[in-house]
$ cat coords17.cif   # mmCIF, C-alpha atoms and all ligand atoms
data_input
loop_
_atom_site.label_atom_id
_atom_site.label_comp_id
_atom_site.auth_asym_id
_atom_site.auth_seq_id
_atom_site.Cartn_x
_atom_site.Cartn_y
_atom_site.Cartn_z
CA MET H 7 -26.94 41.97 65.12
CA THR H 8 -26.48 38.28 65.01
CA VAL H 9 -27.03 36.27 61.89
CA SER H 10 -26.93 32.56 62.11
CA SER H 11 -25.31 31.33 58.97
CA ASP H 12 -27.21 28.06 59.19
CA SER H 13 -30.80 28.97 59.77
CA ASP H 14 -30.78 32.30 58.08
CA ASP H 15 -29.54 31.27 54.67
CA THR H 16 -32.81 32.02 53.01
CA GLY H 17 -33.16 35.35 54.70
CA ALA H 18 -29.58 36.18 53.93
CA ASN H 19 -30.10 35.33 50.27
CA ASP H 20 -33.07 37.59 50.23
CA ALA H 21 -30.85 40.25 51.65
CA LEU H 22 -28.31 39.49 48.90
CA THR H 23 -30.79 39.79 46.07
CA ALA H 24 -32.03 42.97 47.54
CA ALA H 25 -28.50 44.18 47.97
CA GLY H 26 -27.97 47.80 47.22
CA GLN H 27 -31.52 48.66 48.10
CA ALA H 28 -32.32 47.26 51.50
CA ARG H 29 -29.23 47.71 53.61
CA GLN H 30 -29.71 44.51 55.55
CA PRO H 31 -26.44 43.46 57.18
CA VAL H 32 -24.87 40.33 55.66
CA GLY H 33 -22.83 37.80 57.64
CA ILE H 34 -19.33 36.95 56.40
CA ALA H 35 -20.20 33.26 56.12
CA VAL H 36 -23.06 33.96 53.76
CA PHE H 37 -20.90 36.32 51.77
CA LEU H 38 -18.17 33.69 51.35
CA ALA H 39 -20.73 31.07 50.36
CA THR H 40 -22.01 33.42 47.70
CA LEU H 41 -18.46 34.01 46.44
CA THR H 42 -17.85 30.27 46.24
CA ALA H 43 -21.12 29.71 44.38
CA PHE H 44 -20.13 32.48 41.99
CA CYS H 45 -16.73 30.91 41.34
CA GLU H 46 -18.19 27.45 40.75
CA ALA H 47 -20.83 28.73 38.33
CA ALA H 48 -18.22 30.76 36.46
CA ALA H 49 -15.81 27.80 36.26
CA GLU H 50 -18.50 25.52 34.90
CA SER H 51 -19.68 28.02 32.35
CA LEU H 52 -16.24 29.17 31.12
CA GLY H 53 -14.91 25.61 31.03
CA GLY H 54 -17.69 24.59 28.66
CA VAL H 55 -17.76 27.46 26.14
CA ALA H 56 -17.32 26.18 22.60
CA ASP H 57 -17.09 29.37 20.58
CA GLU H 58 -16.38 33.09 20.74
CA ALA H 59 -20.05 34.07 21.08
CA ALA H 60 -20.58 31.80 24.11
CA LEU H 61 -17.39 33.13 25.66
CA GLU H 62 -18.55 36.72 25.30
CA GLN H 63 -21.91 35.83 26.79
CA ALA H 64 -20.21 34.21 29.79
CA ARG H 65 -17.97 37.26 30.18
CA ILE H 66 -20.97 39.57 30.34
CA GLU H 67 -22.81 37.27 32.73
CA PHE H 68 -19.98 36.86 35.24
CA LEU H 69 -17.56 39.73 34.75
CA GLY H 70 -19.74 42.36 33.09
CA ALA H 71 -18.88 45.83 34.48
CA ARG H 72 -22.47 46.99 34.63
CA SER H 73 -24.68 44.10 35.70
CA GLY H 74 -22.37 41.08 35.87
CA ARG H 75 -22.65 38.67 38.80
CA LEU H 76 -19.27 39.74 40.13
CA LYS H 77 -20.57 43.25 40.35
CA ALA H 78 -23.62 42.03 42.32
CA VAL H 79 -21.39 40.19 44.78
CA GLN H 80 -19.20 43.26 45.16
CA LYS H 81 -22.18 45.30 46.26
CA ASN H 82 -22.64 42.94 49.19
CA LEU H 83 -19.20 43.84 50.45
CA SER H 84 -20.55 47.04 51.85
CA GLY H 85 -23.22 45.12 53.73
CA LEU H 86 -20.58 43.29 55.79
CA ALA H 87 -19.84 44.35 59.32
CA ALA H 88 -16.89 46.73 59.36
CA THR H 89 -14.71 44.12 61.07
CA ASP H 90 -15.47 41.54 58.38
CA ARG H 91 -14.91 43.85 55.46
CA PRO H 92 -11.09 43.48 55.08
CA ALA H 93 -11.35 39.68 54.96
CA GLY H 94 -14.38 39.87 52.68
CA GLY H 95 -12.50 42.21 50.35
CA ARG H 96 -9.48 39.91 50.20
CA HIS H 97 -11.65 36.91 49.32
CA PHE H 98 -13.51 38.96 46.79
CA ASN H 99 -10.26 39.98 45.04
CA GLU H 100 -9.05 36.38 44.98
CA ALA H 101 -12.32 35.20 43.46
CA LYS H 102 -12.19 37.97 40.86
CA ALA H 103 -8.62 37.05 39.89
CA ALA H 104 -9.51 33.37 39.70
CA VAL H 105 -12.50 33.91 37.42
CA THR H 106 -10.57 36.37 35.26
CA ALA H 107 -7.86 33.72 34.83
CA LEU H 108 -10.50 31.16 33.88
CA PHE H 109 -11.77 33.59 31.28
CA SER H 110 -8.28 34.08 29.82
CA ALA H 111 -7.74 30.31 29.71
CA ALA H 112 -11.01 29.81 27.83
CA GLN H 113 -10.02 32.59 25.43
CA GLU H 114 -6.66 30.92 24.75
CA ARG H 115 -8.23 27.55 24.31
CA LEU H 116 -10.58 28.88 21.61
CA ALA H 117 -7.92 30.93 19.84
CA GLY H 118 -5.14 28.38 19.76
CA SER H 119 -5.79 25.21 17.80
CA GLY H 120 -2.49 25.61 15.89
CA GLY H 121 0.10 27.96 17.25
CA GLU H 122 2.38 27.25 20.14
CA GLN H 123 0.76 24.09 21.42
CA ALA H 124 1.17 22.28 18.10
CA THR H 125 4.85 23.17 17.76
CA ASP H 126 5.39 22.10 21.35
CA ALA H 127 3.89 18.68 20.56
CA ILE H 128 6.50 17.79 17.93
CA ASP H 129 10.09 17.63 19.00
CA VAL H 130 11.93 17.85 15.70
CA THR H 131 15.22 16.98 17.36
CA LEU H 132 14.10 13.44 18.18
CA PRO H 133 15.14 10.68 15.76
CA GLY H 134 12.28 9.58 13.47
CA ASP H 135 10.57 6.19 13.44
CA PRO H 136 12.46 3.98 10.99
CA VAL H 137 10.41 3.00 7.93
CA ARG H 138 10.57 -0.76 7.49
CA LEU H 139 11.22 -1.46 3.84
CA GLY H 140 10.69 -4.92 2.47
CA HIS H 141 12.67 -6.09 -0.50
CA ILE H 142 12.09 -7.47 -3.94
CA HIS H 143 10.62 -10.98 -4.18
CA PRO H 144 13.10 -13.60 -5.45
CA ILE H 145 10.88 -14.33 -8.47
CA THR H 146 10.83 -10.64 -9.41
CA GLN H 147 14.58 -10.43 -8.79
CA THR H 148 15.06 -13.36 -11.16
CA ILE H 149 12.83 -11.81 -13.81
CA ARG H 150 14.73 -8.53 -13.62
CA ARG H 151 18.07 -10.30 -13.81
CA VAL H 152 17.03 -12.20 -16.94
CA GLN H 153 15.67 -8.98 -18.48
CA GLU H 154 18.98 -7.29 -17.78
CA ILE H 155 21.06 -10.08 -19.33
CA MET H 156 18.82 -10.30 -22.38
CA ALA H 157 18.85 -6.51 -22.80
CA ARG H 158 22.63 -6.66 -23.17
CA LEU H 159 22.07 -9.07 -26.08
CA GLY H 160 19.64 -6.60 -27.64
CA PHE H 161 16.36 -8.20 -26.52
CA GLU H 162 13.57 -5.81 -25.57
CA SER H 163 11.25 -6.80 -22.69
CA VAL H 164 7.56 -7.06 -23.55
CA ASP H 165 4.48 -8.53 -21.91
CA GLY H 166 0.94 -9.26 -22.96
CA PRO H 167 -2.45 -9.99 -21.40
CA GLU H 168 -2.93 -12.95 -19.04
CA VAL H 169 -6.47 -13.53 -20.32
CA GLU H 170 -6.07 -14.71 -23.89
CA ASP H 171 -8.12 -15.79 -26.87
CA GLN H 172 -7.61 -19.07 -28.71
CA TRP H 173 -5.93 -17.45 -31.66
CA HIS H 174 -2.97 -16.12 -29.66
CA ASN H 175 -2.69 -19.02 -27.22
CA PHE H 176 -3.15 -21.81 -29.78
CA GLU H 177 -4.08 -21.25 -33.42
CA ALA H 178 -1.43 -18.80 -34.51
CA LEU H 179 1.07 -21.07 -32.72
CA ALA H 180 0.04 -23.96 -34.99
CA ILE H 181 -1.91 -25.76 -32.25
CA PRO H 182 -5.09 -26.87 -34.08
CA SER H 183 -8.46 -27.37 -32.40
CA GLU H 184 -8.06 -31.18 -32.05
CA HIS H 185 -4.68 -30.82 -30.34
CA PRO H 186 -4.58 -32.29 -26.80
CA ALA H 187 -2.92 -29.10 -25.48
CA ARG H 188 -6.32 -27.41 -25.87
CA ASP H 189 -8.08 -29.90 -23.61
CA PRO H 190 -10.31 -28.15 -21.03
CA LEU H 191 -8.65 -30.31 -18.37
CA ASP H 192 -5.25 -28.82 -19.22
CA ASN H 193 -6.34 -25.18 -19.33
CA PHE H 194 -8.19 -22.61 -17.29
CA TYR H 195 -10.99 -21.65 -19.67
CA LEU H 196 -13.12 -18.75 -18.52
CA ALA H 197 -16.90 -18.84 -18.36
CA VAL H 198 -18.11 -16.68 -21.24
CA ALA H 199 -21.58 -15.97 -22.64
CA ARG H 200 -23.01 -18.67 -24.93
CA GLY H 201 -21.73 -18.13 -28.45
CA ALA H 202 -19.00 -15.73 -27.31
CA GLU H 203 -15.40 -16.38 -28.22
CA PRO H 204 -13.72 -18.75 -25.71
CA LEU H 205 -11.14 -17.13 -23.44
CA LEU H 206 -8.57 -18.68 -21.16
CA LEU H 207 -5.76 -17.79 -18.80
CA ARG H 208 -2.68 -18.04 -21.01
CA SER H 209 -0.90 -21.36 -20.66
CA GLN H 210 2.37 -20.05 -22.12
CA THR H 211 4.05 -16.73 -22.89
CA SER H 212 4.38 -17.72 -26.57
CA THR H 213 1.17 -15.71 -26.96
CA VAL H 214 3.30 -12.58 -26.69
CA GLN H 215 5.44 -13.66 -29.70
CA ILE H 216 2.30 -13.61 -31.81
CA ARG H 217 1.06 -10.28 -30.47
CA VAL H 218 4.38 -8.58 -31.17
CA MET H 219 4.90 -10.15 -34.61
CA GLU H 220 1.39 -9.15 -35.66
CA ASN H 221 2.25 -5.53 -34.97
CA ARG H 222 5.88 -5.21 -35.99
CA GLN H 223 8.17 -6.09 -38.85
CA PRO H 224 11.48 -7.97 -38.51
CA PRO H 225 14.22 -7.73 -37.41
CA LEU H 226 12.92 -8.48 -33.94
CA ARG H 227 14.51 -9.39 -30.61
CA ILE H 228 12.11 -9.64 -27.72
CA VAL H 229 11.88 -11.36 -24.37
CA SER H 230 8.59 -11.75 -22.55
CA LEU H 231 8.34 -12.63 -18.88
CA GLY H 232 5.13 -13.18 -17.04
CA ARG H 233 2.62 -15.41 -15.32
CA VAL H 234 1.12 -18.46 -17.02
CA TYR H 235 -1.56 -20.86 -15.75
CA ARG H 236 -2.03 -24.62 -15.98
CA PRO H 237 -4.27 -26.83 -13.83
CA ASP H 238 -1.37 -28.79 -12.32
CA THR H 239 -1.53 -30.18 -8.82
CA ALA H 240 0.86 -28.23 -6.63
CA ASP H 241 3.97 -30.11 -5.57
CA ALA H 242 7.66 -29.33 -5.11
CA THR H 243 8.13 -28.60 -8.84
CA HIS H 244 4.62 -27.70 -10.05
CA TYR H 245 2.13 -24.98 -9.30
CA PRO H 246 -1.07 -23.96 -11.14
CA MET H 247 0.50 -20.55 -11.74
CA PHE H 248 4.12 -19.98 -12.61
CA HIS H 249 6.34 -17.60 -14.55
CA GLN H 250 7.88 -18.10 -17.97
CA VAL H 251 10.63 -16.38 -19.89
CA GLU H 252 10.25 -16.51 -23.61
CA GLY H 253 12.84 -15.24 -26.06
CA LEU H 254 12.20 -14.61 -29.75
CA LEU H 255 14.59 -13.50 -32.45
CA ILE H 256 13.55 -12.98 -36.07
CA GLU H 257 16.18 -11.91 -38.58
CA GLN H 258 17.59 -12.93 -41.92
CA GLY H 259 19.81 -15.99 -41.81
CA THR H 260 19.14 -17.04 -38.20
CA THR H 261 20.34 -20.55 -37.30
CA MET H 262 20.32 -23.00 -34.37
CA ALA H 263 23.90 -21.90 -33.69
CA HIS H 264 22.63 -18.43 -32.80
CA LEU H 265 20.05 -19.99 -30.51
CA LYS H 266 22.65 -22.02 -28.69
CA SER H 267 24.98 -19.02 -28.30
CA VAL H 268 22.22 -16.90 -26.79
CA LEU H 269 21.18 -19.65 -24.37
CA ARG H 270 24.77 -20.22 -23.33
CA GLN H 271 25.32 -16.52 -22.71
CA LEU H 272 22.11 -16.35 -20.69
CA ALA H 273 23.01 -19.43 -18.62
CA SER H 274 26.59 -18.26 -17.99
CA SER H 275 25.56 -14.76 -16.94
CA PHE H 276 22.69 -15.96 -14.79
CA LEU H 277 24.36 -18.85 -12.99
CA GLY H 278 27.92 -17.50 -13.14
CA GLY H 279 30.93 -19.17 -14.75
CA ASP H 280 31.06 -20.91 -18.09
CA VAL H 281 27.86 -22.92 -18.35
CA HIS H 282 27.51 -25.47 -21.14
CA VAL H 283 24.24 -26.01 -22.99
CA ARG H 284 23.07 -29.11 -24.79
CA PHE H 285 20.11 -29.78 -27.08
CA ARG H 286 17.92 -32.90 -27.12
CA PRO H 287 15.43 -33.45 -29.95
CA SER H 288 11.84 -32.69 -28.98
CA PHE H 289 8.57 -31.47 -30.41
CA PHE H 290 6.61 -28.23 -30.12
CA PRO H 291 3.89 -27.30 -32.62
CA PHE H 292 5.32 -23.82 -33.15
CA THR H 293 9.01 -24.67 -33.68
CA GLU H 294 10.70 -26.86 -36.30
CA PRO H 295 13.11 -28.33 -35.45
CA SER H 296 12.36 -28.36 -31.73
CA VAL H 297 14.66 -29.13 -28.82
CA GLU H 298 14.74 -29.39 -25.06
CA PHE H 299 17.81 -27.70 -23.68
CA ASP H 300 19.83 -28.65 -20.64
CA MET H 301 22.53 -26.76 -18.80
CA GLU H 302 25.52 -28.34 -17.15
CA TRP H 303 25.83 -26.85 -13.76
CA GLY H 304 27.52 -28.14 -10.64
CA GLY H 305 28.62 -31.28 -12.54
CA ARG H 306 25.04 -32.18 -13.54
CA TRP H 307 22.93 -31.68 -16.63
CA ILE H 308 19.76 -29.86 -15.69
CA GLU H 309 16.72 -29.60 -17.92
CA MET H 310 15.93 -25.91 -18.40
CA GLY H 311 13.29 -25.46 -21.12
CA GLY H 312 12.17 -25.81 -24.71
CA ALA H 313 13.35 -24.10 -27.87
CA GLY H 314 13.58 -24.33 -31.63
CA MET H 315 13.42 -22.54 -34.96
CA VAL H 316 10.12 -20.71 -35.41
CA ASP H 317 7.85 -22.87 -37.58
CA PRO H 318 7.17 -21.36 -41.05
CA ALA H 319 3.44 -21.83 -40.34
CA VAL H 320 3.74 -19.40 -37.42
CA LEU H 321 5.63 -16.84 -39.53
CA THR H 322 2.91 -17.12 -42.17
CA ALA H 323 0.15 -16.75 -39.56
CA VAL H 324 1.49 -13.35 -38.54
CA GLY H 325 2.04 -12.21 -42.13
CA TYR H 326 5.81 -12.72 -42.43
CA ASP H 327 7.42 -14.35 -45.46
CA PRO H 328 9.18 -17.54 -44.29
CA GLU H 329 11.32 -17.42 -47.44
CA LYS H 330 12.83 -14.11 -46.33
CA VAL H 331 13.13 -14.31 -42.55
CA SER H 332 13.73 -17.01 -39.98
CA GLY H 333 14.10 -17.01 -36.25
CA PHE H 334 14.34 -18.95 -33.05
CA ALA H 335 12.32 -19.04 -29.86
CA PHE H 336 12.96 -20.47 -26.43
CA GLY H 337 11.00 -20.73 -23.21
CA LEU H 338 11.92 -21.58 -19.66
CA GLY H 339 10.38 -21.52 -16.24
CA VAL H 340 11.42 -18.66 -13.95
CA GLU H 341 10.73 -20.70 -10.79
CA ARG H 342 12.95 -23.48 -12.05
CA ILE H 343 15.97 -21.26 -12.69
CA ALA H 344 15.35 -19.29 -9.48
CA ALA H 345 15.18 -22.52 -7.47
CA ARG H 346 18.38 -23.69 -9.16
CA ARG H 347 20.23 -20.47 -8.50
CA TYR H 348 19.16 -20.08 -4.87
CA GLY H 349 19.09 -23.77 -3.96
CA VAL H 350 15.35 -23.83 -3.19
CA ALA H 351 13.99 -27.38 -2.98
CA ASP H 352 10.26 -26.62 -3.14
CA ILE H 353 8.87 -23.92 -5.46
CA ARG H 354 5.79 -23.58 -3.23
CA ASP H 355 8.03 -21.67 -0.82
CA PHE H 356 8.09 -18.82 -3.35
CA TYR H 357 4.35 -18.29 -2.89
CA ARG H 358 3.86 -18.91 0.82
CA ASN H 359 4.94 -15.36 1.63
CA ASP H 360 6.67 -16.51 4.80
CA VAL H 361 9.01 -13.62 5.52
CA ARG H 362 11.50 -15.95 7.18
CA PHE H 363 11.95 -17.59 3.78
CA LEU H 364 11.75 -14.42 1.69
CA ARG H 365 14.20 -12.46 3.84
CA GLN H 366 17.01 -14.74 2.72
CA PHE H 367 17.16 -13.35 -0.81
N1 LIG C 401 5.93 -22.44 -24.88
C1 LIG C 401 6.63 -23.66 -24.57
C2 LIG C 401 6.08 -24.25 -23.26
O1 LIG C 401 5.36 -23.58 -22.57
C3 LIG C 401 8.10 -23.42 -24.41
C4 LIG C 401 8.74 -23.04 -25.70
C5 LIG C 401 8.85 -21.71 -26.03
C6 LIG C 401 9.20 -23.98 -26.57
C7 LIG C 401 9.44 -21.35 -27.22
C8 LIG C 401 9.80 -23.63 -27.75
C9 LIG C 401 9.90 -22.31 -28.07
O2 LIG C 401 6.34 -25.37 -22.94
#
$ encode --input "coords17.cif" --output "structure tokens"
Amino acid sequence: MTVSSDSDDTGANDALTAAGQARQPVGIAVFLATLTAFCEAAAESLGGVADEAALEQARIEFLGARSGRLKAVQKNLSGLAATDRPAGGRHFNEAKAAVTALFSAAQERLAGSGGEQATDAIDVTLPGDPVRLGHIHPITQTIRRVQEIMARLGFESVDGPEVEDQWHNFEALAIPSEHPARDPLDNFYLAVARGAEPLLLRSQTSTVQIRVMENRQPPLRIVSLGRVYRPDTADATHYPMFHQVEGLLIEQGTTMAHLKSVLRQLASSFLGGDVHVRFRPSFFPFTEPSVEFDMEWGGRWIEMGGAGMVDPAVLTAVGYDPEKVSGFAFGLGVERIAARRYGVADIRDFYRNDVRFLRQF
């Protein structure tokens, strides 16, 4: 009984398929090749199963107790020559263990998407990744500081829309239609439908005075801080968008002395030390009298903004009685005071968003 493992493969396979019926002897080499083929097929199938149903199907196909392929291979054991049987049996048991292990692995893989593996993946004892926090922009810091100082003097912070109508930006502020401040070249008018009311980006925060006065009765102490827009060419001290602070106080018996006290308190608190304030005569349509005010700081007088007593025409426009109440208003540029406080030479640096600049504040 000699079986050449090379030339008799086909015959041997026939013998294998007929195993259990025809008792053709099977060579050990053929038997081992069959075992290997079985293991490879099982590994491929079990490695690819994607759900429980496919796993069960693979189990029946390869490990099924009744007609599984392992069972078929086992039957061939008895066809081996008696001397080959111990070795064949050992290889058979190894193959069975290997495929059973593959089955268990596939089972675990399908069962465990959460469980142990996930907890293993996160080591809670490791230090976390630090969250990199930025910090508050120097313009916002300045706005908050001014709000804080003014709040101590009883001024409530308010803001209004940046897109305004002509009434709030001009007319109610006693800036008539022929006034040069309304020139299209000096304002950002919006494109609106023909016949619709003209709109513009507000050119000053005085608009907020009007909006508040229209809706509230005196006494009133407000401060508005926000963006304003003018078509200026950008340079070290100008930018087409900047921020204004505007203060407004309406009470009985208000005078210029109150205005100067408030400005001096604001300047001293903001810049530190005892800062002197001086008035120079000026003109604004919505204040009468009007002044420019300077602050003496570091041995120099520095121009800070405009101010004055609220014009009776403005009080009338919002429905107040100028015989009963009076008030003052002042406005100044946030960039200007921020640049002064922090020693910034070019206000464009505030908008470049270069972190090397911004980190300093
Ligand atoms: N609104 C004025 C400006 O933009 C500043 C100002 C405010 C002047 C309040 C007087 C009173 O120039």
$ closest_atom_pairs --input "coords17.cif" --of "chain H" --to "ligand LIG 401 (chain C)" --cutoff "8 Å" --atoms "only C-alpha atoms and all ligand atoms" --output "Markdown table"
| residue | atom | partner | partner_atom | distance |
| --- | --- | --- | --- | --- |
| H:Ser209 | CA | C:LIG401 | O1 | 6.9 |
| H:Gln210 | CA | C:LIG401 | O1 | 4.6 |
| H:Thr211 | CA | C:LIG401 | N1 | 6.3 |
| H:Ser212 | CA | C:LIG401 | N1 | 5.2 |
| H:Gln250 | CA | C:LIG401 | O1 | 7.6 |
| H:Glu252 | CA | C:LIG401 | C5 | 5.9 |
| H:Gly253 | CA | C:LIG401 | C7 | 7.1 |
| H:Leu254 | CA | C:LIG401 | C7 | 7.7 |
| H:Phe290 | CA | C:LIG401 | C8 | 6.1 |
| H:Phe292 | CA | C:LIG401 | C9 | 7.0 |
| H:Thr293 | CA | C:LIG401 | C8 | 6.1 |
| H:Ser296 | CA | C:LIG401 | C8 | 6.7 |
| H:Val297 | CA | C:LIG401 | C8 | 7.4 |
| H:Glu298 | CA | C:LIG401 | C6 | 7.9 |
| H:Gly311 | CA | C:LIG401 | C3 | 6.5 |
| H:Gly312 | CA | C:LIG401 | C6 | 4.0 |
| H:Ala313 | CA | C:LIG401 | C8 | 3.6 |
| H:Gly314 | CA | C:LIG401 | C8 | 5.5 |
| H:Met315 | CA | C:LIG401 | C9 | 7.7 |
| H:Val316 | CA | C:LIG401 | C9 | 7.5 |
| H:Phe334 | CA | C:LIG401 | C9 | 7.5 |
| H:Ala335 | CA | C:LIG401 | C9 | 4.4 |
| H:Phe336 | CA | C:LIG401 | C7 | 3.7 |
| H:Gly337 | CA | C:LIG401 | C5 | 3.7 |
| H:Leu338 | CA | C:LIG401 | C3 | 6.4 |
$ write_last_selection --input "coords17.cif" --atoms "C-alpha atoms" --output "mmCIF file, in the coordinates of the input"
data_model
loop_
_atom_site.group_PDB
_atom_site.id
_atom_site.type_symbol
_atom_site.label_atom_id
_atom_site.label_comp_id
_atom_site.auth_asym_id
_atom_site.auth_seq_id
_atom_site.Cartn_x
_atom_site.Cartn_y
_atom_site.Cartn_z
ATOM 1 C CA SER H 209 -0.900 -21.360 -20.660
ATOM 2 C CA GLN H 210 2.370 -20.050 -22.120
ATOM 3 C CA THR H 211 4.050 -16.730 -22.890
ATOM 4 C CA SER H 212 4.380 -17.720 -26.570
ATOM 5 C CA GLN H 250 7.880 -18.100 -17.970
ATOM 6 C CA GLU H 252 10.250 -16.510 -23.610
ATOM 7 C CA GLY H 253 12.840 -15.240 -26.060
ATOM 8 C CA LEU H 254 12.200 -14.610 -29.750
ATOM 9 C CA PHE H 290 6.610 -28.230 -30.120
ATOM 10 C CA PHE H 292 5.320 -23.820 -33.150
ATOM 11 C CA THR H 293 9.010 -24.670 -33.680
ATOM 12 C CA SER H 296 12.360 -28.360 -31.730
ATOM 13 C CA VAL H 297 14.660 -29.130 -28.820
ATOM 14 C CA GLU H 298 14.740 -29.390 -25.060
ATOM 15 C CA GLY H 311 13.290 -25.460 -21.120
ATOM 16 C CA GLY H 312 12.170 -25.810 -24.710
ATOM 17 C CA ALA H 313 13.350 -24.100 -27.870
ATOM 18 C CA GLY H 314 13.580 -24.330 -31.630
ATOM 19 C CA MET H 315 13.420 -22.540 -34.960
ATOM 20 C CA VAL H 316 10.120 -20.710 -35.410
ATOM 21 C CA PHE H 334 14.340 -18.950 -33.050
ATOM 22 C CA ALA H 335 12.320 -19.040 -29.860
ATOM 23 C CA PHE H 336 12.960 -20.470 -26.430
ATOM 24 C CA GLY H 337 11.000 -20.730 -23.210
ATOM 25 C CA LEU H 338 11.920 -21.580 -19.660
#
$ closest_atom_pairs --input "coords17.cif" --of "region 151-196 of chain H" --to "region 321-332 of chain H" --cutoff "9 Å" --atoms "only C-alpha atoms" --output "Markdown table"
| residue | atom | partner | partner_atom | distance |
| --- | --- | --- | --- | --- |
| H:Glu177 | CA | H:Ala323 | CA | 8.7 |
| H:Ala178 | CA | H:Ala323 | CA | 5.7 |
| H:Leu179 | CA | H:Ala323 | CA | 8.1 |
| H:Ala180 | CA | H:Ala323 | CA | 8.5 |
$ write_last_selection --input "coords17.cif" --atoms "C-alpha atoms" --output "mmCIF file, keeping the file's coordinate frame"
data_model
loop_
_atom_site.group_PDB
_atom_site.id
_atom_site.type_symbol
_atom_site.label_atom_id
_atom_site.label_comp_id
_atom_site.auth_asym_id
_atom_site.auth_seq_id
_atom_site.Cartn_x
_atom_site.Cartn_y
_atom_site.Cartn_z
ATOM 1 C CA GLU H 177 -4.080 -21.250 -33.420
ATOM 2 C CA ALA H 178 -1.430 -18.800 -34.510
ATOM 3 C CA LEU H 179 1.070 -21.070 -32.720
ATOM 4 C CA ALA H 180 0.040 -23.960 -34.990
#
$ residues_around --input "coords17.cif" --residues "region 230-234 of chain H" --least-positions-apart "3" --cutoff "9 Å" --atoms "all atoms listed in the file" --output "JSON, numbers by chain"
{"H": [149, 152, 153, 162, 163, 164, 165, 166, 168, 207, 208, 209, 210, 211, 212, 214, 215, 246, 247, 248, 249, 250, 251, 252, 253, 254, 340]}
$ residues_around --input "coords17.cif" --residues "Tyr357 (chain H)" --least-positions-apart "5" --cutoff "12 Å" --atoms "only C-alpha atoms" --output "NGL selection string"
:H and (143-146 or 240 or 242 or 244-249 or 341 or 352 or 363-364)
$ atom_distance --input "coords17.cif" --atom1 "CA of Asp300 (chain H)" --atom2 "CA of Gln271 (chain H)"
13.5 Å
$ atom_distance --input "coords17.cif" --atom1 "CA of Thr42 (chain H)" --atom2 "CA of Glu62 (chain H)"
21.9 Å
$ atom_distance --input "coords17.cif" --atom1 "CA of Thr89 (chain H)" --atom2 "CA of Leu41 (chain H)"
18.2 Å
$ closest_residue --input "coords17.cif" --among "H:Pro318, H:Gly70, H:Gly95, H:Gly53" --to "Ala111 (chain H)" --atoms "all atoms listed in the file"
H:Gly53
$ closest_residue --input "coords17.cif" --among "H:Asn359, H:Ser183, H:Thr243, H:Gln113" --to "Ala345 (chain H)" --atoms "all atoms listed in the file"
H:Thr243
$ closest_residue --input "coords17.cif" --among "H:Gly279, H:Gly305, H:Gly160, H:Pro287" --to "Leu255 (chain H)" --atoms "only C-alpha atoms"
H:Gly160
$ closest_residue --input "coords17.cif" --among "H:Asn99, H:Asn82, H:Thr148, H:Thr131" --to "Ala344 (chain H)" --atoms "only C-alpha atoms"
H:Thr148
$ axis_aligned_box --input "coords17.cif" --around "region 223-239 of chain H" --padding-each-side "3 Å" --output "JSON"
{"center_x": 5.1, "center_y": -18.1, "center_z": -23.8, "size_x": 24.8, "size_y": 30.1, "size_z": 36.0}
$ closest_residue --input "coords17.cif" --among "H:Val320, H:Ala273, H:Ala43, H:Val169" --to "Tyr195 (chain H)" --atoms "only C-alpha atoms"
H:Val169
$ residues_near_point --input "coords17.cif" --point "(-13.4, 37.0, 36.5)" --cutoff "10 Å" --atoms "all atoms listed in the file" --output "list in words"
Phe44, Cys45, Ala48, Ala49, Leu52, Ala64, Arg65, Phe68, Leu69, Gly70, Gly74, Arg75, Leu76, Asn99, Glu100, Ala101, Lys102, Ala103, Ala104, Val105, Thr106, Ala107, Leu108, Phe109 and Ser110 of chain H
